[in-house]
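Trainee: Can you keep this structure in mind? I'll have questions shortly.
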2 protein chains.
Amino acid sequence: MSVSIKDVANAAGVSIASVSRVLSGKPGVGEATAERIRQVIEEIGYKPNLSARGLVKRTTGNIAVVIPRGSFILNNPFFSTILEGIAKGIDQTDYNMVISFTSLQQKRLIETQAVDGVILFSPRHDELSLEWLKSIGLPIVVVGSYLEESPFPCVRPDDEDGIRQAVNALYDLGHRDIGLVNGPLSSMHSVKCLNGYNNAMTELGLDCSNKNVLEIDEFDILKVKKAMNTFLNNHGKITGVVCSSDYLAIGVIKAVTTMELTVPRDLSVVGLDDVPMSDFLTPSLSTVHVDLVGIGKRAASMLLSVIDGKQIRKKDVVFNMKYVNRETTDVPKNH
Amino acid sequence: MSVSIKDVANAAGVSIASVSRVLSGKPGVGEATAERIRQVIEEIGYKPNLSARGLVKRTTGNIAVVIPRGSFILNNPFFSTILEGIAKGIDQTDYNMVISFTSLQQKRLIETQAVDGVILFSPRHDELSLEWLKSIGLPIVVVGSYLEESPFPCVRPDDEDGIRQAVNALYDLGHRDIGLVNGPLSSMHSVKCLNGYNNAMTELGLDCSNKNVLEIDEFDILKVKKAMNTFLNNHGKITGVVCSSDYLAIGVIKAVTTMELTVPRDLSVVGLDDVPMSDFLTPSLSTVHVDLVGIGKRAASMLLSVIDGKQIRKKDVVFNMKYVNRETTDVPKNH
DNA sequence: CTGAAAGCGCTTACAG
DNA sequence: CTGAAAGCGCTTACAG
């Protein structure tokens, strides 16, 4: 069928050991021989069989990207943008990226020694167990949000400060009644956002009793609309909201608009993360920027280091965020 | 290190051959023995080594999802939604999905026998060569757009009819000067869209001299804005445009809005494909719906069939589209 | 510098 | 029904 190492050994008149050595750049082959072997490889188009190599080296050349609850998640550009970064991060290497969305696949992928390492997207407490993950002994890097008790290195945006900046931006515009639209607290990301919100409000001397916090657990436009409706009715004074993600902000704007309110005139809205599409929306979304592609890249290079057995210094890499004022924010209505 | 087939054979007091047979569900093992083996496997948590299996069976358990020009593309929800479908399609199987965005990775993935089959996203003529792809002899299914001379089965939306429906919807609203905002013609998708546009216009007795067609080759908001600007200036009569994708439509709306025009009052805009976010936008996007998740699922199941050596009947599976009227369309201004 | 040989963990004729 | 053995294509001590 396809050519094997034996074929190139024959064609070059050497042993397969020598071929293997030049393939992996190991020393111990004369330059003349090595050159001849390289030529033959090129000529007959030999490609090493990864299964065979993997069998003896106990590696696969694959890294897993594990994304929780696929269906809802992939539409969220936060994930796809980080994914882009990961892809770029491994582009120059020999690793392939295998993605899994369902926990069924994830378990299999990990148990089955099908990958050399794992990039874990913002895991939630109710999903893959940390104990289990630890017991596997696979190199793991977490991306997106920090897990308190986790032994794994992590790359993430500084959500807490991001939300703080968002709150302050609204404050500077004159807003005093500021709400938070958050995701479910089973995600550490949401917990950080809540902390950031509470801290910022307290620093500013504003009321942060959690009445002004709306928690949305499923990302369904109808549910968001309904929730926003009752939320705004119960908190009539709110003039601006900060959201824990751009995607959420888009839904909030939609919900608000269908209530015959106008953004930003009746309500200012700020997102979080600045996904590429945010500048593209109409009105363009005020949000807090972070280099999502950079986060993905960094997570990838970090994982590769761990796989290579290198000690990594920073176990928790936090990317700075920066508020970007666009069109969904304005001074409050009766200002 | 981890347990091997030998360990379970020892523990069960049988040969590795028997273990292998129950693993693959092959006949030739007594029910009592088989049951005992299954128990041992469960107890000691044995998982077969995929590399070893792959080496002898010459399979990998991986299917490749090949996405062209990653950076721009992944932000486009058209792709991520189909991806979701593919993931669902292989969820119940033992296959893993390995994704590649760069042609470098793609070549390696395919040459290196690292996958059992390939799902190829809307390839362009200037990318991976069909000749090369054919020469590899790997099962391939194309998703997204049809390649005329391609020997590979394809799953795709009926773009041509979709555009036709969009044009007709605008016509029915009273529009007569209808433009097309298209992608680059190196993609068959764009070619189909252009055909659909020309045919629909002709059927309606409208002018379809290509002056009313804007071709945007790179998806950059500044470029879109600039292009739209000159386009609308040169075609002042246009009251509605049809776009070859929802993503493009979002950019068009943005561009138009920054020109101090209002959608749909000054310009009606229709997208194509109805990605999940379209209903989420403000104003929500009028577009032509197609079951993108279904397309992904179908492509996956089709590829699995080809891998299994089954003959597939339909080489070109076309999904119907259906116009959805939302908020970016209205009667023309001076109607 | 070079090669013969063992071995990675499986599957699958082949023999019994 | 069951097992001994060959072999998949590599890598890597070990000897020379």
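For the structure tokens, the naming scheme is as follows: chains receive sequential letters (A, B, ...) according to their order of presentation, residues are indexed from 1 within each chain, and ligands are indexed from 1 in presentation order.
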Let's see if you can do this: from backbone DSSP, list all strand (DSSP E) residues in stretch 89-248 of chain A, as a PyMOL selection string.
Mentor: chain A and resi 96-100+117-121+140-143+154-157+178-182+213-215+240-243
Trainee: Let's have the selection written as a compact mmCIF listing (two decimals), in the first residue's frame, with N, CA and C atoms.
Mentor:
```txt
# COMPACT_ATOMS: atom_id res chain seq x y z
N ASN A 96 -1.77 17.79 16.36
CA ASN A 96 -3.11 18.01 15.80
C ASN A 96 -4.06 18.32 16.94
N MET A 97 -5.14 18.95 16.56
CA MET A 97 -6.09 19.38 17.57
C MET A 97 -7.35 18.55 17.44
N VAL A 98 -7.69 17.82 18.46
CA VAL A 98 -8.95 17.09 18.39
C VAL A 98 -9.93 17.69 19.38
N ILE A 99 -11.09 17.98 18.87
CA ILE A 99 -12.07 18.72 19.64
C ILE A 99 -13.19 17.82 20.07
N SER A 100 -13.64 18.02 21.28
CA SER A 100 -14.81 17.26 21.68
C SER A 100 -15.77 18.17 22.43
N GLY A 117 -2.27 15.62 25.67
CA GLY A 117 -2.54 16.69 26.61
C GLY A 117 -3.91 17.26 26.34
N VAL A 118 -4.38 18.07 27.26
CA VAL A 118 -5.75 18.56 27.17
C VAL A 118 -5.82 20.05 27.46
N ILE A 119 -6.54 20.76 26.62
CA ILE A 119 -6.91 22.13 26.95
C ILE A 119 -8.38 22.11 27.33
N LEU A 120 -8.62 22.52 28.55
CA LEU A 120 -9.96 22.41 29.12
C LEU A 120 -10.59 23.79 29.12
N PHE A 121 -11.70 23.94 28.43
CA PHE A 121 -12.38 25.23 28.40
C PHE A 121 -13.24 25.41 29.64
N ILE A 140 -2.62 18.99 31.54
CA ILE A 140 -3.85 19.73 31.34
C ILE A 140 -3.62 21.22 31.56
N VAL A 141 -4.16 22.03 30.68
CA VAL A 141 -4.16 23.47 30.89
C VAL A 141 -5.61 23.93 30.81
N VAL A 142 -5.99 24.75 31.76
CA VAL A 142 -7.35 25.26 31.77
C VAL A 142 -7.37 26.63 31.11
N VAL A 143 -8.37 26.87 30.30
CA VAL A 143 -8.44 28.17 29.66
C VAL A 143 -9.81 28.79 29.90
N CYS A 154 -3.52 27.72 34.34
CA CYS A 154 -4.70 28.34 33.77
C CYS A 154 -4.35 29.63 33.03
N VAL A 155 -5.01 29.86 31.92
CA VAL A 155 -4.85 31.11 31.19
C VAL A 155 -6.24 31.73 31.06
N ARG A 156 -6.36 32.98 31.45
CA ARG A 156 -7.71 33.55 31.49
C ARG A 156 -7.69 35.07 31.45
N PRO A 157 -8.81 35.66 31.10
CA PRO A 157 -8.93 37.11 31.17
C PRO A 157 -9.12 37.51 32.63
N ILE A 178 -26.76 50.56 38.56
CA ILE A 178 -26.10 49.70 37.59
C ILE A 178 -26.37 48.24 37.92
N GLY A 179 -26.81 47.51 36.93
CA GLY A 179 -27.11 46.09 37.15
C GLY A 179 -26.04 45.19 36.55
N LEU A 180 -26.09 43.93 36.95
CA LEU A 180 -25.19 42.92 36.37
C LEU A 180 -26.04 41.81 35.77
N VAL A 181 -25.79 41.49 34.54
CA VAL A 181 -26.42 40.32 33.95
C VAL A 181 -25.35 39.25 33.84
N ASN A 182 -25.54 38.20 34.58
CA ASN A 182 -24.49 37.21 34.76
C ASN A 182 -24.91 35.84 34.25
N VAL A 213 -28.78 42.06 40.44
CA VAL A 213 -28.07 41.05 39.67
C VAL A 213 -29.06 40.05 39.06
N LEU A 214 -28.94 39.87 37.77
CA LEU A 214 -29.78 38.90 37.08
C LEU A 214 -28.91 37.74 36.63
N GLU A 215 -29.32 36.55 36.99
CA GLU A 215 -28.54 35.38 36.60
C GLU A 215 -29.29 34.59 35.54
N GLY A 240 -28.23 51.26 33.54
CA GLY A 240 -27.18 50.60 32.78
C GLY A 240 -26.90 49.21 33.32
N VAL A 241 -26.54 48.29 32.41
CA VAL A 241 -26.17 46.95 32.87
C VAL A 241 -24.83 46.55 32.27
N VAL A 242 -24.15 45.78 33.07
CA VAL A 242 -22.89 45.19 32.68
C VAL A 242 -23.16 43.71 32.50
N CYS A 243 -22.63 43.12 31.42
CA CYS A 243 -22.90 41.71 31.17
C CYS A 243 -21.61 40.90 31.28
```
Trainee: Give me the chain C side of the contact with chain B, cut-off 9 Å, one line per residue showing its nearest atom pair and distance in Å at one decimal, counting only C-alpha atoms (C1' of nucleotides), sorted by chain and residue number, as CSV.
Mentor:
```
residue,atom,partner,partner_atom,distance
C:DC8,C1',B:Ala52,CA,7.9
C:DG9,C1',B:Ala52,CA,5.0
C:DC10,C1',B:Ala52,CA,4.8
C:DT11,C1',B:Val56,CA,6.4
C:DT12,C1',B:Ala17,CA,8.8
```
Trainee: Tell me, counting only C-alpha atoms, for each residue of chain B within 8 Å of chain A, which pair of atoms is nearest and how far apart they are in Å to one decimal, in rows ordered by chain and increasing number, as a Markdown table.
Mentor:
```
| residue | atom | partner | partner_atom | distance |
| --- | --- | --- | --- | --- |
| B:Lys47 | CA | A:Thr112 | CA | 5.6 |
| B:Pro48 | CA | A:Thr112 | CA | 6.7 |
| B:Asn49 | CA | A:Thr112 | CA | 6.6 |
| B:Leu50 | CA | A:Ala114 | CA | 6.6 |
| B:Ser51 | CA | A:Ser51 | CA | 4.5 |
| B:Ala52 | CA | A:Leu55 | CA | 5.7 |
| B:Gly54 | CA | A:Ser51 | CA | 5.9 |
| B:Leu55 | CA | A:Ser51 | CA | 5.3 |
| B:Thr60 | CA | A:Ser51 | CA | 7.5 |
| B:Gly70 | CA | A:Glu84 | CA | 7.1 |
| B:Ser71 | CA | A:Glu84 | CA | 6.3 |
| B:Leu74 | CA | A:Ser80 | CA | 6.3 |
| B:Asn75 | CA | A:Pro77 | CA | 6.6 |
| B:Pro77 | CA | A:Asn75 | CA | 6.6 |
| B:Ser80 | CA | A:Leu74 | CA | 6.3 |
| B:Thr81 | CA | A:Asn75 | CA | 6.9 |
| B:Glu84 | CA | A:Ser71 | CA | 6.3 |
| B:Ala87 | CA | A:Phe101 | CA | 7.1 |
| B:Asp91 | CA | A:Gln105 | CA | 6.7 |
| B:Asn96 | CA | A:Val98 | CA | 6.8 |
| B:Met97 | CA | A:Val98 | CA | 5.5 |
| B:Val98 | CA | A:Val98 | CA | 4.0 |
| B:Ile99 | CA | A:Met97 | CA | 5.9 |
| B:Ser100 | CA | A:Met97 | CA | 7.1 |
| B:Phe101 | CA | A:Ala87 | CA | 7.1 |
| B:Thr102 | CA | A:Asp91 | CA | 7.3 |
| B:Leu104 | CA | A:Asp91 | CA | 7.8 |
| B:Gln105 | CA | A:Asp91 | CA | 6.8 |
| B:Leu109 | CA | A:Asn96 | CA | 7.6 |
| B:Glu111 | CA | A:Lys47 | CA | 7.0 |
| B:Thr112 | CA | A:Lys47 | CA | 5.7 |
| B:Gln113 | CA | A:Asn49 | CA | 6.8 |
| B:Ala114 | CA | A:Leu50 | CA | 6.6 |
| B:Ile221 | CA | A:Phe280 | CA | 6.9 |
| B:Ile250 | CA | A:Leu281 | CA | 6.8 |
| B:Gly251 | CA | A:Phe280 | CA | 6.1 |
| B:Ile253 | CA | A:Thr282 | CA | 7.2 |
| B:Lys254 | CA | A:Thr282 | CA | 5.6 |
| B:Thr257 | CA | A:Thr282 | CA | 7.4 |
| B:Pro276 | CA | A:Asn75 | CA | 7.4 |
| B:Met277 | CA | A:Asn75 | CA | 7.6 |
| B:Phe280 | CA | A:Gly251 | CA | 6.1 |
| B:Leu281 | CA | A:Lys254 | CA | 6.2 |
| B:Thr282 | CA | A:Lys254 | CA | 5.6 |
| B:Pro283 | CA | A:Lys254 | CA | 7.8 |
```
Trainee: Convert the current residue selection to file output with C-alpha atoms, as a short mmCIF file (atom, residue, chain, number, x, y, z; two decimals), in the first residue's frame.
Mentor:
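selection.cif, written as the output of this step:
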```cif
data_model
loop_
_atom_site.label_atom_id
_atom_site.label_comp_id
_atom_site.auth_asym_id
_atom_site.auth_seq_id
_atom_site.Cartn_x
_atom_site.Cartn_y
_atom_site.Cartn_z
CA LYS B 47 -8.95 0.77 27.68
CA PRO B 48 -7.52 -0.46 24.39
CA ASN B 49 -4.54 1.39 23.05
CA LEU B 50 -5.67 3.10 19.91
CA SER B 51 -2.24 3.36 18.37
CA ALA B 52 -1.71 -0.37 18.56
CA GLY B 54 -4.58 1.51 14.47
CA LEU B 55 -1.27 0.00 13.50
CA THR B 60 -7.04 5.87 13.28
CA GLY B 70 -9.02 29.71 9.70
CA SER B 71 -8.70 33.14 11.12
CA LEU B 74 -14.15 30.61 12.51
CA ASN B 75 -15.83 33.83 13.47
CA PRO B 77 -21.22 31.29 12.56
CA SER B 80 -19.43 26.86 13.67
CA THR B 81 -23.05 25.83 13.30
CA GLU B 84 -21.93 21.60 15.74
CA ALA B 87 -20.01 16.89 16.23
CA ASP B 91 -21.18 11.73 18.89
CA ASN B 96 -12.89 11.66 17.13
CA MET B 97 -12.92 14.91 15.27
CA VAL B 98 -9.66 16.57 14.48
CA ILE B 99 -9.86 20.04 13.12
CA SER B 100 -7.38 21.92 11.06
CA PHE B 101 -7.46 25.48 9.92
CA THR B 102 -4.21 26.00 8.10
CA LEU B 104 0.06 23.34 6.45
CA GLN B 105 -1.74 21.30 9.05
CA LEU B 109 -3.04 15.55 8.56
CA GLU B 111 -0.65 12.79 4.08
CA THR B 112 0.33 11.30 7.33
CA GLN B 113 -2.51 8.82 7.50
CA ALA B 114 -3.65 10.47 10.68
CA ILE B 221 -15.31 45.87 8.50
CA ILE B 250 -24.20 41.95 9.51
CA GLY B 251 -21.24 43.80 8.08
CA ILE B 253 -25.87 46.66 8.02
CA LYS B 254 -23.04 48.07 10.05
CA THR B 257 -25.61 52.50 9.43
CA PRO B 276 -28.52 31.07 15.24
CA MET B 277 -27.45 34.59 16.05
CA PHE B 280 -30.73 37.58 18.12
CA LEU B 281 -29.57 40.71 16.41
CA THR B 282 -31.14 44.11 16.67
CA PRO B 283 -32.88 44.54 14.33
#
```
Trainee: Under the rule that only C-alpha atoms are counted, which of B:Arg164, B:Ala32, B:Ser268, B:Gly137 is the nearest residue to B:Pro151?
Mentor: B:Gly137
Trainee: Check the DSSP output for the backbone and give back, as a ChimeraX atom specification, the residues of stretch 102-227 of chain B in helix (DSSP H, G or I).
Mentor: /B:103-111,130-136,159-173,188-203,210-212,221-227
Trainee: Can you list, as a list in words, every protein, DNA or RNA residue that comes within 10 Å of A:Met201 when you count only C-alpha atoms (C1' of nucleotides), leaving out same-chain residues fewer than 5 positions away?
Mentor: Arg164, Val167, Asn168, Tyr171, Arg176, Asp177, Ile178, Gly179, Asn195, Gly196, Leu206, Asp207, Cys208 and Ser209 of chain A
Trainee: Give me a file of those residues, with C-alpha atoms, as a tab-separated table (two decimals), in the first residue's frame.
Mentor:
```
chain	number	residue	atom	x	y	z
A	164	ARG	CA	-14.85	46.59	37.52
A	167	VAL	CA	-18.97	49.41	36.12
A	168	ASN	CA	-16.62	52.36	36.42
A	171	TYR	CA	-20.32	55.37	36.64
A	176	ARG	CA	-25.63	55.19	39.60
A	177	ASP	CA	-28.13	52.36	39.27
A	178	ILE	CA	-26.10	49.70	37.59
A	179	GLY	CA	-27.11	46.09	37.15
A	195	ASN	CA	-17.08	39.55	42.74
A	196	GLY	CA	-15.88	42.23	40.37
A	206	LEU	CA	-23.14	52.26	45.41
A	207	ASP	CA	-25.75	49.79	46.43
A	208	CYS	CA	-24.70	46.29	45.53
A	209	SER	CA	-27.23	44.32	47.41
```
Trainee: Need to verify the contact set: D:DC14, 12 Å, only C-alpha atoms (C1' of nucleotides), exclusion of same-chain residues closer than 3 positions in sequence. Can you return it as a PDB file with C-alpha atoms (C1' of nucleotides), in the first residue's frame?
Mentor:
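Wrote it out as around.pdb, contents follow:
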```
ATOM      1  C1'  DG C   3      22.778  -2.636  11.755  1.00  0.00           C
ATOM      2  C1'  DA C   4      20.307  -6.793  13.876  1.00  0.00           C
ATOM      3  C1'  DA C   5      16.938  -7.486  17.058  1.00  0.00           C
ATOM      4  C1'  DA C   6      13.609  -6.784  20.635  1.00  0.00           C
TER       5       DA C   6
END
```
Trainee: Write out as JSON, numbers by chain the residues lying within 10 Å of A:Phe231, counting only C-alpha atoms (C1' of nucleotides) and excluding same-chain residues fewer than 2 positions away.
Mentor: {"A": [179, 181, 211, 212, 213, 214, 215, 225, 226, 227, 228, 229, 233, 234, 235, 236, 238]}
Trainee: Counting only C-alpha atoms (C1' of nucleotides), what is within 12 Å of B:Thr33, bar same-chain residues fewer than 3 positions away, as a list in words?
Mentor: Ala9, Ala12, Gly13, Val14, Ser15, Ser18, Val19, Arg21, Val22, Pro27, Gly28, Val29, Gly30, Arg36, Ile37, Arg38, Gln39 and Val40 of chain B; DC1 and DT2 of chain D
Trainee: Write a file of the selected residues as a short mmCIF file (atom, residue, chain, number, x, y, z; two decimals), in the first residue's frame, keeping N, CA and C atoms (P, O5', C5', C4', C3', O3' and C1' of nucleotides).
Mentor:
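As a result, selection.cif now contains:
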```cif
data_model
loop_
_atom_site.label_atom_id
_atom_site.label_comp_id
_atom_site.auth_asym_id
_atom_site.auth_seq_id
_atom_site.Cartn_x
_atom_site.Cartn_y
_atom_site.Cartn_z
N ALA B 9 -5.96 -10.42 30.08
CA ALA B 9 -5.87 -11.85 29.75
C ALA B 9 -5.40 -12.64 30.96
N ALA B 12 -8.00 -12.77 33.70
CA ALA B 12 -9.16 -13.59 33.38
C ALA B 12 -8.77 -15.04 33.10
N GLY B 13 -7.47 -15.28 33.06
CA GLY B 13 -7.01 -16.63 32.79
C GLY B 13 -7.30 -17.10 31.38
N VAL B 14 -7.20 -16.19 30.43
CA VAL B 14 -7.44 -16.56 29.03
C VAL B 14 -6.31 -16.00 28.17
N SER B 15 -6.37 -16.22 26.89
CA SER B 15 -5.36 -15.65 25.99
C SER B 15 -5.78 -14.26 25.56
N SER B 18 -8.60 -14.08 22.95
CA SER B 18 -10.00 -14.10 23.39
C SER B 18 -10.44 -12.71 23.85
N VAL B 19 -9.56 -12.07 24.57
CA VAL B 19 -9.89 -10.72 25.03
C VAL B 19 -10.16 -9.83 23.82
N ARG B 21 -11.13 -10.64 20.99
CA ARG B 21 -12.38 -10.99 20.32
C ARG B 21 -13.59 -10.40 21.04
N VAL B 22 -13.61 -10.48 22.36
CA VAL B 22 -14.80 -9.90 22.99
C VAL B 22 -14.78 -8.37 22.84
N PRO B 27 -17.33 -13.20 17.10
CA PRO B 27 -17.80 -14.48 17.63
C PRO B 27 -16.60 -15.37 17.95
N GLY B 28 -16.87 -16.46 18.57
CA GLY B 28 -15.81 -17.41 18.84
C GLY B 28 -15.33 -17.40 20.27
N VAL B 29 -16.16 -16.86 21.15
CA VAL B 29 -15.83 -16.93 22.58
C VAL B 29 -17.07 -17.40 23.32
N GLY B 30 -16.91 -18.37 24.18
CA GLY B 30 -18.04 -18.88 24.96
C GLY B 30 -18.63 -17.78 25.82
N ARG B 36 -16.83 -13.24 31.81
CA ARG B 36 -15.74 -13.09 32.76
C ARG B 36 -14.76 -12.01 32.26
N ILE B 37 -14.44 -12.09 31.00
CA ILE B 37 -13.52 -11.10 30.41
C ILE B 37 -14.10 -9.70 30.55
N ARG B 38 -15.38 -9.57 30.24
CA ARG B 38 -16.01 -8.25 30.35
C ARG B 38 -15.91 -7.72 31.77
N GLN B 39 -16.09 -8.64 32.72
CA GLN B 39 -16.01 -8.22 34.12
C GLN B 39 -14.62 -7.69 34.45
N VAL B 40 -13.61 -8.47 34.05
CA VAL B 40 -12.24 -8.06 34.34
C VAL B 40 -11.93 -6.70 33.71
P DC D 1 -18.82 -21.01 20.11
"O5'" DC D 1 -17.64 -21.64 20.97
"C5'" DC D 1 -17.81 -21.92 22.34
"C4'" DC D 1 -16.48 -22.36 22.87
"C3'" DC D 1 -15.55 -21.22 23.30
"O3'" DC D 1 -14.87 -21.62 24.50
"C1'" DC D 1 -14.49 -22.51 21.62
P DT D 2 -14.07 -20.61 25.36
"O5'" DT D 2 -12.62 -20.76 24.78
"C5'" DT D 2 -11.84 -21.90 25.14
"C4'" DT D 2 -10.50 -21.83 24.44
"C3'" DT D 2 -9.72 -20.55 24.68
"O3'" DT D 2 -8.67 -20.84 25.59
"C1'" DT D 2 -9.53 -21.35 22.44
#
```
